[in-house]
file model.pdb (PDB, C-alpha atoms and all ligand atoms)
ATOM      1  CA  MET A   1       0.000   0.000   0.000
ATOM      2  CA  SER A   2       1.384   3.438  -0.893
ATOM      3  CA  ALA A   3      -1.670   5.597  -0.230
ATOM      4  CA  THR A   4      -1.602   8.773   1.846
ATOM      5  CA  PHE A   5      -3.830   9.237   4.904
ATOM      6  CA  ALA A   6      -4.467  11.929   7.498
ATOM      7  CA  THR A   7      -6.065  11.947  10.923
ATOM      8  CA  SER A   8      -6.220  14.659  13.559
ATOM      9  CA  ASP A   9      -7.004  15.734  17.103
ATOM     10  CA  PRO A  10      -7.014  12.379  18.928
ATOM     11  CA  HIS A  11      -6.873  14.372  22.217
ATOM     12  CA  GLY A  12      -5.919  11.439  24.419
ATOM     13  CA  HIS A  13      -8.523   9.064  23.002
ATOM     14  CA  LEU A  14      -6.212   6.113  22.454
ATOM     15  CA  SER A  15      -8.793   3.401  21.820
ATOM     16  CA  GLU A  16     -10.754   5.521  19.309
ATOM     17  CA  LEU A  17      -7.562   6.383  17.432
ATOM     18  CA  THR A  18      -6.375   2.774  17.437
ATOM     19  CA  GLY A  19      -9.774   1.568  16.224
ATOM     20  CA  ALA A  20      -9.874   4.094  13.387
ATOM     21  CA  LEU A  21      -6.347   3.195  12.252
ATOM     22  CA  GLN A  22      -7.254  -0.496  12.339
ATOM     23  CA  GLU A  23     -10.316   0.167  10.216
ATOM     24  CA  ALA A  24      -8.158   2.052   7.709
ATOM     25  CA  GLY A  25      -5.846  -0.977   7.492
ATOM     26  CA  LEU A  26      -2.856   0.923   8.889
ATOM     27  CA  VAL A  27      -2.421  -0.931  12.190
ATOM     28  CA  ASP A  28      -3.154  -4.550  13.106
ATOM     29  CA  GLU A  29      -5.147  -5.884  16.046
ATOM     30  CA  ASP A  30      -2.081  -5.521  18.281
ATOM     31  CA  SER A  31      -1.726  -1.858  17.250
ATOM     32  CA  HIS A  32       1.389  -2.455  15.159
ATOM     33  CA  TRP A  33       1.895  -0.780  11.779
ATOM     34  CA  CYS A  34       0.614  -2.943   8.945
ATOM     35  CA  GLY A  35       0.281  -0.163   6.369
ATOM     36  CA  GLY A  36       3.457  -1.106   4.503
ATOM     37  CA  GLY A  37       4.542   1.832   2.342
ATOM     38  CA  ALA A  38       1.550   4.022   3.208
ATOM     39  CA  ARG A  39       1.978   7.516   4.624
ATOM     40  CA  LEU A  40      -0.054   8.714   7.601
ATOM     41  CA  TRP A  41      -0.134  12.350   8.710
ATOM     42  CA  VAL A  42      -1.247  13.018  12.290
ATOM     43  CA  LEU A  43      -2.262  16.658  12.427
ATOM     44  CA  GLY A  44      -1.637  17.471  16.085
ATOM     45  CA  ASP A  45      -3.491  17.857  19.384
ATOM     46  CA  LEU A  46      -2.374  14.433  20.548
ATOM     47  CA  LEU A  47      -2.975  15.181  24.225
ATOM     48  CA  ASP A  48      -5.308  17.046  26.643
ATOM     49  CA  ARG A  49      -9.095  16.640  26.985
ATOM     50  CA  GLY A  50      -9.080  12.813  26.696
ATOM     51  CA  PRO A  51      -7.914  10.188  29.195
ATOM     52  CA  ASP A  52      -4.552   9.080  27.790
ATOM     53  CA  GLY A  53      -2.527  11.703  25.947
ATOM     54  CA  LEU A  54       0.722   9.972  26.861
ATOM     55  CA  GLY A  55      -0.639   6.711  25.437
ATOM     56  CA  VAL A  56      -1.533   8.443  22.168
ATOM     57  CA  ILE A  57       1.936   9.984  21.960
ATOM     58  CA  ALA A  58       3.588   6.637  22.707
ATOM     59  CA  LEU A  59       1.524   4.960  19.982
ATOM     60  CA  VAL A  60       2.349   7.636  17.414
ATOM     61  CA  ARG A  61       6.060   7.532  18.246
ATOM     62  CA  ARG A  62       6.173   3.754  17.931
ATOM     63  CA  LEU A  63       4.282   3.919  14.621
ATOM     64  CA  VAL A  64       6.785   6.488  13.309
ATOM     65  CA  ASP A  65       9.520   3.856  13.753
ATOM     66  CA  GLU A  66       7.470   0.867  12.588
ATOM     67  CA  ALA A  67       6.215   2.639   9.452
ATOM     68  CA  ALA A  68       9.728   3.811   8.552
ATOM     69  CA  ALA A  69      11.017   0.253   8.907
ATOM     70  CA  ALA A  70       8.266  -0.944   6.540
ATOM     71  CA  GLY A  71       9.012   1.697   3.903
ATOM     72  CA  GLY A  72       6.088   3.919   4.871
ATOM     73  CA  SER A  73       5.897   6.927   7.137
ATOM     74  CA  VAL A  74       3.961   8.416  10.027
ATOM     75  CA  GLU A  75       4.321  12.193  10.163
ATOM     76  CA  PRO A  76       3.060  13.937  13.314
ATOM     77  CA  LEU A  77       2.555  17.715  13.193
ATOM     78  CA  LEU A  78       2.347  20.326  15.944
ATOM     79  CA  GLY A  79      -1.052  21.381  17.306
ATOM     80  CA  ASN A  80      -1.954  24.232  19.628
ATOM     81  CA  HIS A  81      -2.413  21.767  22.508
ATOM     82  CA  GLU A  82       1.186  20.624  22.196
ATOM     83  CA  VAL A  83       2.187  24.295  22.604
ATOM     84  CA  ILE A  84      -0.166  24.717  25.598
ATOM     85  CA  ALA A  85       1.241  21.602  27.279
ATOM     86  CA  LEU A  86       4.879  22.517  26.621
ATOM     87  CA  GLY A  87       4.327  26.152  27.630
ATOM     88  CA  THR A  88       2.682  25.051  30.864
ATOM     89  CA  ARG A  89       5.654  22.818  31.563
ATOM     90  CA  LEU A  90       8.092  25.640  30.841
ATOM     91  CA  PHE A  91       6.320  28.705  32.246
ATOM     92  CA  GLY A  92       3.677  27.243  34.601
ATOM     93  CA  ASP A  93       1.654  29.966  36.290
ATOM     94  CA  SER A  94       4.171  32.785  35.796
ATOM     95  CA  GLU A  95       2.326  35.900  34.725
ATOM     96  CA  VAL A  96       3.464  37.235  31.382
ATOM     97  CA  VAL A  97       2.478  40.589  29.929
ATOM     98  CA  HIS A  98       1.717  39.635  26.357
ATOM     99  CA  ARG A  99       0.639  42.394  23.959
ATOM    100  CA  GLY A 100      -0.781  44.350  26.908
ATOM    101  CA  VAL A 101      -2.624  41.395  28.445
ATOM    102  CA  VAL A 102      -1.515  39.446  31.522
ATOM    103  CA  ARG A 103      -1.563  35.746  30.652
ATOM    104  CA  THR A 104      -0.395  32.468  32.168
ATOM    105  CA  PHE A 105       0.048  29.196  30.340
ATOM    106  CA  ALA A 106      -1.278  27.229  33.299
ATOM    107  CA  SER A 107      -4.666  28.995  33.231
ATOM    108  CA  ILE A 108      -5.065  28.492  29.466
ATOM    109  CA  TRP A 109      -4.096  24.844  29.958
ATOM    110  CA  ALA A 110      -6.640  24.398  32.783
ATOM    111  CA  ARG A 111      -9.425  26.047  30.746
ATOM    112  CA  ASN A 112      -8.723  23.856  27.709
ATOM    113  CA  GLY A 113      -8.851  20.369  29.115
ATOM    114  CA  GLY A 114      -5.261  20.066  30.317
ATOM    115  CA  LEU A 115      -4.559  16.866  32.259
ATOM    116  CA  THR A 116      -2.097  16.562  35.126
ATOM    117  CA  SER A 117      -1.509  12.958  34.063
ATOM    118  CA  ASP A 118      -0.226  14.219  30.686
ATOM    119  CA  GLN A 119       1.938  16.918  32.315
ATOM    120  CA  ASP A 120       3.451  14.350  34.678
ATOM    121  CA  GLY A 121       4.899  12.435  31.740
ATOM    122  CA  LEU A 122       6.398  15.464  30.016
ATOM    123  CA  ASP A 123      10.022  14.742  30.787
ATOM    124  CA  GLU A 124      12.948  16.383  29.041
ATOM    125  CA  GLU A 125      13.105  13.801  26.279
ATOM    126  CA  LEU A 126       9.386  13.994  25.453
ATOM    127  CA  PHE A 127       9.473  17.798  25.677
ATOM    128  CA  ALA A 128      12.241  17.867  23.079
ATOM    129  CA  TRP A 129      10.367  15.484  20.777
ATOM    130  CA  LEU A 130       7.149  17.505  20.903
ATOM    131  CA  ALA A 131       9.001  20.825  20.558
ATOM    132  CA  GLY A 132      10.700  19.481  17.435
ATOM    133  CA  LEU A 133       7.486  18.619  15.585
ATOM    134  CA  PRO A 134       6.976  20.441  12.290
ATOM    135  CA  ALA A 135       3.984  22.771  12.052
ATOM    136  CA  VAL A 136       3.322  22.256   8.336
ATOM    137  CA  GLY A 137       3.866  19.398   5.889
ATOM    138  CA  ARG A 138       3.584  18.974   2.146
ATOM    139  CA  ASP A 139       2.659  15.704   0.484
ATOM    140  CA  GLY A 140       2.113  15.910  -3.256
ATOM    141  CA  ASP A 141      -0.794  18.271  -3.829
ATOM    142  CA  HIS A 142      -1.703  18.275  -0.141
ATOM    143  CA  LEU A 143      -0.638  20.950   2.329
ATOM    144  CA  LEU A 144      -1.074  19.621   5.855
ATOM    145  CA  MET A 145      -1.295  21.501   9.156
ATOM    146  CA  HIS A 146      -3.215  21.569  12.411
ATOM    147  CA  SER A 147      -5.170  24.823  12.405
ATOM    148  CA  ASP A 148      -7.454  26.286   9.753
ATOM    149  CA  THR A 149      -5.768  29.665   9.781
ATOM    150  CA  LEU A 150      -3.614  31.911   7.618
ATOM    151  CA  ALA A 151      -1.585  32.754  10.725
ATOM    152  CA  TYR A 152       1.118  30.256   9.687
ATOM    153  CA  LEU A 153       2.269  32.889   7.198
ATOM    154  CA  GLU A 154       3.383  35.054  10.121
ATOM    155  CA  TRP A 155       6.283  32.583  10.558
ATOM    156  CA  GLY A 156       7.469  32.327   6.974
ATOM    157  CA  ASP A 157       6.477  32.013   3.343
ATOM    158  CA  THR A 158       7.758  28.527   2.623
ATOM    159  CA  VAL A 159       7.031  25.254   4.444
ATOM    160  CA  ASP A 160      10.653  25.001   5.562
ATOM    161  CA  ASP A 161      10.788  28.601   6.777
ATOM    162  CA  VAL A 162       7.572  28.230   8.790
ATOM    163  CA  ASN A 163       8.838  25.031  10.400
ATOM    164  CA  ARG A 164      12.243  26.529  11.150
ATOM    165  CA  ALA A 165      10.742  29.660  12.737
ATOM    166  CA  VAL A 166       8.230  27.718  14.848
ATOM    167  CA  ARG A 167      10.924  25.305  16.009
ATOM    168  CA  GLU A 168      13.087  28.262  16.991
ATOM    169  CA  VAL A 169      10.299  29.665  19.204
ATOM    170  CA  LEU A 170       9.858  26.317  20.939
ATOM    171  CA  ALA A 171      13.606  25.887  21.421
ATOM    172  CA  GLY A 172      13.718  29.211  23.251
ATOM    173  CA  ASP A 173      12.262  30.563  26.461
ATOM    174  CA  ASP A 174      10.757  33.889  25.353
ATOM    175  CA  PRO A 175       7.206  33.714  26.743
ATOM    176  CA  VAL A 176       5.973  36.485  24.433
ATOM    177  CA  ALA A 177       7.082  34.501  21.367
ATOM    178  CA  TRP A 178       5.451  31.384  22.850
ATOM    179  CA  PHE A 179       2.145  33.218  23.408
ATOM    180  CA  ASP A 180       2.300  34.681  19.887
ATOM    181  CA  LEU A 181       2.598  31.132  18.553
ATOM    182  CA  LEU A 182      -0.121  29.763  20.800
ATOM    183  CA  LEU A 183      -2.630  32.469  19.885
ATOM    184  CA  ALA A 184      -1.860  32.082  16.177
ATOM    185  CA  LEU A 185      -2.367  28.311  16.296
ATOM    186  CA  GLY A 186      -5.582  28.855  18.233
ATOM    187  CA  ARG A 187      -7.124  30.805  15.377
ATOM    188  CA  ARG A 188      -9.677  29.031  13.202
ATOM    189  CA  HIS A 189     -12.359  29.156  10.499
ATOM    190  CA  ASP A 190     -10.282  31.221   8.070
ATOM    191  CA  TYR A 191     -11.416  29.067   5.105
ATOM    192  CA  ALA A 192     -15.124  29.076   5.989
ATOM    193  CA  GLY A 193     -17.729  31.420   4.592
ATOM    194  CA  SER A 194     -17.725  33.469   1.428
ATOM    195  CA  SER A 195     -14.145  34.706   1.842
ATOM    196  CA  GLY A 196     -12.874  31.198   2.666
ATOM    197  CA  PRO A 197     -11.824  30.054  -0.794
ATOM    198  CA  ALA A 198      -9.731  33.196  -1.380
ATOM    199  CA  ALA A 199      -8.048  32.759   2.021
ATOM    200  CA  ALA A 200      -7.303  29.107   1.271
ATOM    201  CA  ARG A 201      -5.886  30.112  -2.115
ATOM    202  CA  THR A 202      -3.635  32.694  -0.419
ATOM    203  CA  LEU A 203      -2.120  30.012   1.823
ATOM    204  CA  LEU A 204      -1.739  27.505  -1.026
ATOM    205  CA  ASP A 205      -0.131  30.123  -3.283
ATOM    206  CA  ALA A 206       2.387  30.902  -0.545
ATOM    207  CA  LEU A 207       3.221  27.424   0.761
ATOM    208  CA  GLY A 208       2.347  25.212  -2.211
ATOM    209  CA  GLY A 209      -0.117  22.429  -2.862
ATOM    210  CA  GLU A 210      -3.634  22.313  -4.229
ATOM    211  CA  ARG A 211      -5.564  21.423  -1.097
ATOM    212  CA  ILE A 212      -5.218  22.284   2.606
ATOM    213  CA  VAL A 213      -5.782  19.356   4.988
ATOM    214  CA  HIS A 214      -6.380  20.446   8.582
ATOM    215  CA  GLY A 215      -7.854  19.520  11.950
ATOM    216  CA  HIS A 216      -8.450  21.772  14.994
ATOM    217  CA  SER A 217     -11.980  22.886  14.078
ATOM    218  CA  ILE A 218     -14.598  20.205  14.577
ATOM    219  CA  ILE A 219     -16.669  19.620  11.438
ATOM    220  CA  GLY A 220     -19.856  19.885  13.489
ATOM    221  CA  ASP A 221     -18.829  23.304  14.859
ATOM    222  CA  LEU A 222     -17.632  24.568  11.499
ATOM    223  CA  PHE A 223     -20.870  23.636   9.721
ATOM    224  CA  GLY A 224     -23.401  23.746  12.543
ATOM    225  CA  GLU A 225     -24.154  20.026  12.499
ATOM    226  CA  PRO A 226     -24.416  17.487  15.350
ATOM    227  CA  VAL A 227     -21.179  15.495  15.753
ATOM    228  CA  ASP A 228     -23.040  12.202  15.322
ATOM    229  CA  SER A 229     -24.432  13.220  11.911
ATOM    230  CA  TYR A 230     -21.310  12.698   9.768
ATOM    231  CA  SER A 231     -18.742   9.973   9.252
ATOM    232  CA  GLU A 232     -16.448  11.414   6.589
ATOM    233  CA  PRO A 233     -13.916  14.257   6.428
ATOM    234  CA  ARG A 234     -15.446  17.427   4.982
ATOM    235  CA  LEU A 235     -14.249  19.043   1.773
ATOM    236  CA  TYR A 236     -15.180  22.741   1.549
ATOM    237  CA  ALA A 237     -13.918  26.156   0.389
ATOM    238  CA  ASP A 238     -14.529  25.183  -3.252
ATOM    239  CA  GLY A 239     -12.528  22.005  -2.697
ATOM    240  CA  LEU A 240      -9.463  23.862  -1.403
ATOM    241  CA  ALA A 241      -9.773  22.694   2.223
ATOM    242  CA  LEU A 242     -10.433  19.341   3.900
ATOM    243  CA  ASP A 243     -11.366  19.202   7.593
ATOM    244  CA  VAL A 244     -10.536  15.861   9.232
ATOM    245  CA  ASP A 245     -11.469  16.752  12.834
ATOM    246  CA  GLY A 246     -14.601  14.765  13.626
ATOM    247  CA  GLY A 247     -14.661  15.969  17.244
ATOM    248  CA  ILE A 248     -13.603  12.874  19.168
ATOM    249  CA  TYR A 249     -13.766  14.541  22.586
ATOM    250  CA  GLU A 250     -17.322  15.693  21.941
ATOM    251  CA  GLY A 251     -18.439  12.202  20.960
ATOM    252  CA  GLY A 252     -17.782  12.578  17.236
ATOM    253  CA  PRO A 253     -15.940  10.069  15.050
ATOM    254  CA  CYS A 254     -12.159   9.659  14.800
ATOM    255  CA  LEU A 255     -11.764  10.229  11.062
ATOM    256  CA  VAL A 256      -8.977   8.890   8.872
ATOM    257  CA  ALA A 257      -8.987  10.652   5.505
ATOM    258  CA  ARG A 258      -7.630   8.792   2.512
ATOM    259  CA  LEU A 259      -5.909  11.491   0.471
ATOM    260  CA  SER A 260      -4.603   9.350  -2.401
ATOM    261  CA  GLU A 261      -4.955   5.827  -3.805
TER
HETATM  262 MN    MN B 301      -6.408  22.412  18.111
END
call {"tool": "encode", "arguments": {"input": "model.pdb", "output": "structure tokens"}}
result
Amino acid sequence: MSATFATSDPHGHLSELTGALQEAGLVDEDSHWCGGGARLWVLGDLLDRGPDGLGVIALVRRLVDEAAAAGGSVEPLLGNHEVIALGTRLFGDSEVVHRGVVRTFASIWARNGGLTSDQDGLDEELFAWLAGLPAVGRDGDHLLMHSDTLAYLEWGDTVDDVNRAVREVLAGDDPVAWFDLLLALGRRHDYAGSSGPAAARTLLDALGGERIVHGHSIIGDLFGEPVDSYSEPRLYADGLALDVDGGIYEGGPCLVARLSE
């Protein structure tokens, strides 16, 4: 198999993620990679909200190795919840004046489903792995990222430049730069509505590709539909954007999009 797949926002829901990957034929009943030469993109927000963020991360990291050994690949990307978790680890409840507003990472983390059990496992090695995740990926005609926002362009105008700049922020300890990144990755819905296709085209023209594939914004929220009313990723913005976030933590499906045959 050499097809390309994407899934997003598992948010600590290990069994739902495992089940969806099994159904897609990418992992076997013992959760080992059986996708051969397939490529799987995991578009961030691995932890928080659900019961076992560390379990999800451990699964993804093992699959990265197993897929590579089989001639395929698993490519995790950075989500805003990775930045919240890492920022909370680094800055805790220190008050930071950010663009005229007093903020703390710990309060944002607590308000957004942060789990102490996930924080407890964030040792130096795992911190470094998460902080090294790319923000954006390109796979053929697909441009992959976590959030449905143009804000990525604030970090660069090529995929490599964006990833380099984001990695630099996360390798440093400037809380203002960290909050800038967190707020940018928290933005959403830029490709929805009547101006959505033009916004999507702007991002594609800058970073390349013919279609944006993202998570972060639950299909049900984006389109005003109950999370139990759909079972497929949603193509929108005149076909320029594909949302693969089914809304697992709200009871929606864990979606695995097949991007190519
Ligand atoms: Mn998100």
call {"tool": "atom_distance", "arguments": {"input": "model.pdb", "atom1": "atom CA of A:Gly172", "atom2": "atom CA of A:Gly55"}}
result
26.8 Å
call {"tool": "closest_residue", "arguments": {"input": "model.pdb", "among": "A:Thr104, A:Ser15, A:Thr88, A:Thr149", "to": "ligand MN 301 (chain B)", "atoms": "all atoms listed in the file"}}
result
A:Thr149
call {"tool": "residues_around", "arguments": {"input": "model.pdb", "residues": "A:Leu90", "least_positions_apart": "4", "cutoff": "10 Å", "atoms": "all atoms listed in the file", "output": "CSV table (one decimal) with C-alpha atoms, in the coordinates of the input"}}
result
chain,number,residue,atom,x,y,z
A,84,ILE,CA,-0.2,24.7,25.6
A,85,ALA,CA,1.2,21.6,27.3
A,86,LEU,CA,4.9,22.5,26.6
A,94,SER,CA,4.2,32.8,35.8
A,105,PHE,CA,0.0,29.2,30.3
A,106,ALA,CA,-1.3,27.2,33.3
A,127,PHE,CA,9.5,17.8,25.7
A,173,ASP,CA,12.3,30.6,26.5
A,175,PRO,CA,7.2,33.7,26.7
call {"tool": "closest_residue", "arguments": {"input": "model.pdb", "among": "A:Leu59, A:Leu240, A:Leu203, A:Leu47", "to": "ligand MN 301 (chain B)", "atoms": "all atoms listed in the file"}}
result
A:Leu47
call {"tool": "closest_atom_pairs", "arguments": {"input": "model.pdb", "of": "chain A", "to": "ligand MN 301 (chain B)", "cutoff": "6 Å", "atoms": "all atoms listed in the file", "output": "JSON lines"}}
result
{"residue": "A:Asp45", "atom": "CA", "partner": "B:MN301", "partner_atom": "MN", "distance": 5.6}
{"residue": "A:Gly79", "atom": "CA", "partner": "B:MN301", "partner_atom": "MN", "distance": 5.5}
{"residue": "A:Asn80", "atom": "CA", "partner": "B:MN301", "partner_atom": "MN", "distance": 5.0}
{"residue": "A:His81", "atom": "CA", "partner": "B:MN301", "partner_atom": "MN", "distance": 6.0}
{"residue": "A:His216", "atom": "CA", "partner": "B:MN301", "partner_atom": "MN", "distance": 3.8}
call {"tool": "resolve_selection", "arguments": {"input": "model.pdb", "expression": "the PyMOL selection byres (((chain A and resi 192) around 12) and not hetatm)", "output": "ChimeraX atom specification"}}
result
/A:148-150,188-191,193-200,217,219,221-224,234-243
call {"tool": "closest_residue", "arguments": {"input": "model.pdb", "among": "A:Pro10, A:Gly44, A:Gly92, A:Gly35", "to": "A:Leu255", "atoms": "only C-alpha atoms"}}
result
A:Pro10
call {"tool": "resolve_selection", "arguments": {"input": "model.pdb", "expression": "the PyMOL selection byres (((chain A and resi 39) around 10) and not hetatm)", "output": "MDAnalysis selection string"}}
result
chainID A and resid 1:6 26 35:38 40:42 64 67:68 71:75 139 258:260
call {"tool": "residues_around", "arguments": {"input": "model.pdb", "residues": "A:Gly132", "least_positions_apart": "6", "cutoff": "10 Å", "atoms": "all atoms listed in the file", "output": "list in words"}}
result
Leu77, Leu78, Leu126, Asn163, Arg164, Val166, Arg167, Glu168, Leu170 and Ala171 of chain A
call {"tool": "atom_distance", "arguments": {"input": "model.pdb", "atom1": "atom CA of A:Arg61", "atom2": "atom CA of A:Leu115"}}
result
19.9 Å
call {"tool": "atom_distance", "arguments": {"input": "model.pdb", "atom1": "atom CA of A:Leu182", "atom2": "atom CA of A:Gln119"}}
result
17.4 Å
call {"tool": "closest_residue", "arguments": {"input": "model.pdb", "among": "A:Asp161, A:Asp28, A:Glu82, A:Glu16", "to": "A:Leu133", "atoms": "all atoms listed in the file"}}
result
A:Glu82
